[in-house]
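Take a look at the structure below.
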Amino acid sequence: MTNETGEDGASRESRRVLIVEDNEAACRSLARLLRAFGFEVDTAYNGESGKEALARATALDFFLTDLGLPDLDGREVARLARERFPSAKVVVITGWDVDEGSAEWTKWGVDWVLTKPVEIDALLKLMDRKLPADGA
């Protein structure tokens, strides 16, 4: 794995990410990109398998979920991720027209809302900004 560093000098290596996205091609593509930057990535293609992946996970730094999942509301899956891993950063990804700055998102434990198509540079910048410096 490449040992890339973020803007704050923190290593992206060993940062664990779970992506829940029902568009399998988009999910695989995003996972591949994040792995190329040194993240450890697990994927799930619906809300139920996302819940199962959360239950299996021993650690999680970032949780990314689609808002419009076929079996569960992405907000509910985000809430479960926040409960299981309180320090993880939770990102909702959506193609819907939503108010990204709404205080309603905090009720669900969401840190950021990104609209599709996700710009990988913007996502990495968000993720880097929240990584603690090594040794912190």
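By order in the structure tokens, chains are A, B, ...; within a chain, residues start at 1; ligands start at 1, following the order shown.
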Excluding Ala59 (chain A) and residues on its chain fewer than 4 positions from it, collect all residues at most 10 Å away from it, counting only C-alpha atoms, and give them as an mmCIF file with C-alpha atoms, in the first residue's frame.
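Here's the written file result18.cif:
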```cif
data_model
loop_
_atom_site.group_PDB
_atom_site.id
_atom_site.type_symbol
_atom_site.label_atom_id
_atom_site.label_comp_id
_atom_site.auth_asym_id
_atom_site.auth_seq_id
_atom_site.Cartn_x
_atom_site.Cartn_y
_atom_site.Cartn_z
ATOM 1 C CA ARG A 15 -7.360 4.564 7.869
ATOM 2 C CA ARG A 16 -10.431 2.348 7.657
ATOM 3 C CA VAL A 17 -13.365 3.267 5.432
ATOM 4 C CA LEU A 54 -20.668 -2.311 10.766
ATOM 5 C CA ARG A 84 -21.139 1.934 16.730
ATOM 6 C CA PHE A 85 -18.129 4.177 16.030
ATOM 7 C CA SER A 87 -15.327 8.989 16.576
ATOM 8 C CA ALA A 88 -15.697 7.976 12.911
#
```
Quiz prompt | Contact residues around Leu114 (chain A) with only C-alpha atoms at 7 Å, ignoring same-chain residues under 4 positions, as a VMD selection string | solution = chain A and resid 92 to 94 118
Please write the residues from the selection above to a file, keeping N, CA and C atoms, as a PDB file, in the first residue's frame.
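Generated file (result.pdb):
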```pdb
ATOM      1  N   VAL A  92     -22.644  11.352   4.064  1.00  0.00           N
ATOM      2  CA  VAL A  92     -23.767  10.912   3.242  1.00  0.00           C
ATOM      3  C   VAL A  92     -23.520  11.430   1.833  1.00  0.00           C
ATOM      4  N   ILE A  93     -23.697  10.529   0.863  1.00  0.00           N
ATOM      5  CA  ILE A  93     -23.524  10.860  -0.544  1.00  0.00           C
ATOM      6  C   ILE A  93     -24.892  10.736  -1.206  1.00  0.00           C
ATOM      7  N   THR A  94     -25.277  11.755  -1.968  1.00  0.00           N
ATOM      8  CA  THR A  94     -26.604  11.711  -2.569  1.00  0.00           C
ATOM      9  C   THR A  94     -26.645  12.402  -3.929  1.00  0.00           C
ATOM     10  N   VAL A 118     -19.369  12.353  -6.800  1.00  0.00           N
ATOM     11  CA  VAL A 118     -18.413  12.751  -5.772  1.00  0.00           C
ATOM     12  C   VAL A 118     -17.088  13.094  -6.435  1.00  0.00           C
TER      13      VAL A 118
END
```
Self-check item: Shell of 7 Å around Leu69 (chain A), only C-alpha atoms, local chain residues under 5 positions omitted, as a PyMOL selection string
Solution: chain A and resi 22+46-47+74
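The list of residues with at least one atom within 7 Å of Thr65 (chain A), based on only C-alpha atoms and without residues fewer than 2 positions apart in the same chain, reads Ile19, Val20, Glu21, Phe63, Leu67, Gly74, Ala78, Val91, Val92 and Ile93 of chain A.
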Put those residues in a file: N, CA and C atoms, as a PDB file, in the first residue's frame.
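Once everything was written out, this is part_19.pdb:
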```
ATOM      1  N   ILE A  19     -17.851   1.864   2.820  1.00  0.00           N
ATOM      2  CA  ILE A  19     -18.719   2.518   1.842  1.00  0.00           C
ATOM      3  C   ILE A  19     -19.974   1.664   1.670  1.00  0.00           C
ATOM      4  N   VAL A  20     -21.142   2.290   1.822  1.00  0.00           N
ATOM      5  CA  VAL A  20     -22.419   1.614   1.569  1.00  0.00           C
ATOM      6  C   VAL A  20     -23.070   2.349   0.395  1.00  0.00           C
ATOM      7  N   GLU A  21     -23.146   1.667  -0.734  1.00  0.00           N
ATOM      8  CA  GLU A  21     -23.647   2.275  -1.976  1.00  0.00           C
ATOM      9  C   GLU A  21     -24.286   1.185  -2.820  1.00  0.00           C
ATOM     10  N   PHE A  63     -17.087   6.607   7.425  1.00  0.00           N
ATOM     11  CA  PHE A  63     -18.237   5.845   6.960  1.00  0.00           C
ATOM     12  C   PHE A  63     -18.918   6.671   5.886  1.00  0.00           C
ATOM     13  N   LEU A  67     -27.518   8.050   0.336  1.00  0.00           N
ATOM     14  CA  LEU A  67     -28.761   8.395   1.027  1.00  0.00           C
ATOM     15  C   LEU A  67     -29.909   7.499   0.571  1.00  0.00           C
ATOM     16  N   GLY A  74     -30.496   5.864   4.033  1.00  0.00           N
ATOM     17  CA  GLY A  74     -29.085   6.091   4.327  1.00  0.00           C
ATOM     18  C   GLY A  74     -28.861   6.829   5.636  1.00  0.00           C
ATOM     19  N   ALA A  78     -26.398   5.717   8.602  1.00  0.00           N
ATOM     20  CA  ALA A  78     -25.434   6.676   9.152  1.00  0.00           C
ATOM     21  C   ALA A  78     -25.561   6.759  10.665  1.00  0.00           C
ATOM     22  N   VAL A  91     -20.195  10.391   6.340  1.00  0.00           N
ATOM     23  CA  VAL A  91     -20.466  11.153   5.115  1.00  0.00           C
ATOM     24  C   VAL A  91     -21.663  10.532   4.403  1.00  0.00           C
ATOM     25  N   VAL A  92     -22.644  11.352   4.064  1.00  0.00           N
ATOM     26  CA  VAL A  92     -23.767  10.912   3.242  1.00  0.00           C
ATOM     27  C   VAL A  92     -23.520  11.430   1.833  1.00  0.00           C
ATOM     28  N   ILE A  93     -23.697  10.529   0.863  1.00  0.00           N
ATOM     29  CA  ILE A  93     -23.524  10.860  -0.544  1.00  0.00           C
ATOM     30  C   ILE A  93     -24.892  10.736  -1.206  1.00  0.00           C
TER      31      ILE A  93
END
```
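For region 19-133 of chain A, backbone-based DSSP assignment of strand (DSSP E) covers Ile19, Val20, Glu40, Val41, Asp42, Thr43, Ala44, Phe62, Phe63, Leu64, Thr65, Asp66, Lys89, Val90, Val91, Val92, Ile93, Thr94, Trp112, Val113, Leu114 and Thr115 of chain A.
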For the selection just defined, write its residues with C-alpha atoms to a file, as a CSV table (one decimal), in the first residue's frame.
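What follows is the written file selection.csv:
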```
chain,number,residue,atom,x,y,z
A,19,ILE,CA,-18.7,2.5,1.8
A,20,VAL,CA,-22.4,1.6,1.6
A,40,GLU,CA,-8.3,0.3,3.9
A,41,VAL,CA,-11.8,0.0,2.4
A,42,ASP,CA,-14.7,-2.3,2.9
A,43,THR,CA,-17.9,-2.1,0.8
A,44,ALA,CA,-21.5,-3.0,1.1
A,62,PHE,CA,-14.8,7.0,7.9
A,63,PHE,CA,-18.2,5.8,7.0
A,64,LEU,CA,-19.7,6.8,3.6
A,65,THR,CA,-23.3,5.9,2.7
A,66,ASP,CA,-25.6,6.7,-0.2
A,89,LYS,CA,-16.5,10.7,10.4
A,90,VAL,CA,-19.8,10.0,8.7
A,91,VAL,CA,-20.5,11.2,5.1
A,92,VAL,CA,-23.8,10.9,3.2
A,93,ILE,CA,-23.5,10.9,-0.5
A,94,THR,CA,-26.6,11.7,-2.6
A,112,TRP,CA,-20.8,16.0,5.8
A,113,VAL,CA,-23.2,15.6,2.9
A,114,LEU,CA,-21.7,15.4,-0.6
A,115,THR,CA,-23.6,15.4,-3.9
```
Practice problem: Enter the distance from CA of Glu104 (chain A) to CA of Ser29 (chain A), in Å, rounded to one decimal. | Solution: 29.3 Å
Quiz item: What is the distance between CA of Glu119 (chain A) and CA of Val77 (chain A), in Å to one decimal?
Solution: 22.3 Å
Quiz item: Can you list, as an MDAnalysis selection string, every residue of region 53-116 of chain A that DSSP puts in alpha helix (DSSP H)?
Solution: chainID A and resid 53:56 74:84 104:107
Store the residues of this selection in a file with N, CA and C atoms, as a JSON list (two decimals), in the first residue's frame.
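As a result, selection_34.json now contains:
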```json
[["chain", "number", "residue", "atom", "x", "y", "z"],
["A", 53, "ALA", "N", -21.76, -5.22, 7.96],
["A", 53, "ALA", "CA", -20.35, -4.81, 7.91],
["A", 53, "ALA", "C", -19.99, -3.97, 9.12],
["A", 54, "LEU", "N", -20.90, -3.10, 9.56],
["A", 54, "LEU", "CA", -20.67, -2.31, 10.77],
["A", 54, "LEU", "C", -20.52, -3.22, 11.99],
["A", 55, "ALA", "N", -21.36, -4.24, 12.07],
["A", 55, "ALA", "CA", -21.31, -5.15, 13.21],
["A", 55, "ALA", "C", -20.01, -5.95, 13.24],
["A", 56, "ARG", "N", -19.46, -6.28, 12.07],
["A", 56, "ARG", "CA", -18.21, -7.05, 11.99],
["A", 56, "ARG", "C", -16.97, -6.19, 12.22],
["A", 74, "GLY", "N", -30.50, 5.86, 4.03],
["A", 74, "GLY", "CA", -29.08, 6.09, 4.33],
["A", 74, "GLY", "C", -28.86, 6.83, 5.64],
["A", 75, "ARG", "N", -29.82, 7.67, 6.03],
["A", 75, "ARG", "CA", -29.68, 8.38, 7.30],
["A", 75, "ARG", "C", -29.70, 7.39, 8.47],
["A", 76, "GLU", "N", -30.53, 6.37, 8.36],
["A", 76, "GLU", "CA", -30.61, 5.36, 9.41],
["A", 76, "GLU", "C", -29.30, 4.59, 9.51],
["A", 77, "VAL", "N", -28.73, 4.23, 8.37],
["A", 77, "VAL", "CA", -27.45, 3.52, 8.37],
["A", 77, "VAL", "C", -26.36, 4.43, 8.94],
["A", 78, "ALA", "N", -26.40, 5.72, 8.60],
["A", 78, "ALA", "CA", -25.43, 6.68, 9.15],
["A", 78, "ALA", "C", -25.56, 6.76, 10.67],
["A", 79, "ARG", "N", -26.79, 6.77, 11.16],
["A", 79, "ARG", "CA", -27.03, 6.83, 12.60],
["A", 79, "ARG", "C", -26.44, 5.60, 13.29],
["A", 80, "LEU", "N", -26.61, 4.44, 12.68],
["A", 80, "LEU", "CA", -26.05, 3.20, 13.23],
["A", 80, "LEU", "C", -24.52, 3.25, 13.26],
["A", 81, "ALA", "N", -23.93, 3.80, 12.19],
["A", 81, "ALA", "CA", -22.47, 3.93, 12.15],
["A", 81, "ALA", "C", -21.99, 4.85, 13.26],
["A", 82, "ARG", "N", -22.69, 5.96, 13.49],
["A", 82, "ARG", "CA", -22.32, 6.91, 14.54],
["A", 82, "ARG", "C", -22.42, 6.26, 15.92],
["A", 83, "GLU", "N", -23.46, 5.44, 16.13],
["A", 83, "GLU", "CA", -23.61, 4.75, 17.41],
["A", 83, "GLU", "C", -22.49, 3.74, 17.64],
["A", 84, "ARG", "N", -22.16, 3.00, 16.61],
["A", 84, "ARG", "CA", -21.14, 1.93, 16.73],
["A", 84, "ARG", "C", -19.74, 2.50, 16.83],
["A", 104, "GLU", "N", -30.48, 19.35, 10.48],
["A", 104, "GLU", "CA", -31.16, 18.05, 10.55],
["A", 104, "GLU", "C", -30.16, 16.90, 10.42],
["A", 105, "TRP", "N", -29.09, 17.12, 9.66],
["A", 105, "TRP", "CA", -28.11, 16.05, 9.43],
["A", 105, "TRP", "C", -27.43, 15.64, 10.73],
["A", 106, "THR", "N", -27.20, 16.59, 11.64],
["A", 106, "THR", "CA", -26.52, 16.24, 12.89],
["A", 106, "THR", "C", -27.37, 15.29, 13.73],
["A", 107, "LYS", "N", -28.67, 15.36, 13.59],
["A", 107, "LYS", "CA", -29.57, 14.44, 14.30],
["A", 107, "LYS", "C", -29.26, 12.99, 13.92]]
```
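Between Ala31 (chain A) and the residues A:Leu18, A:Leu72, A:Gly109, A:Asp61, the shortest atom-to-atom distance, using only C-alpha atoms, involves A:Leu18.
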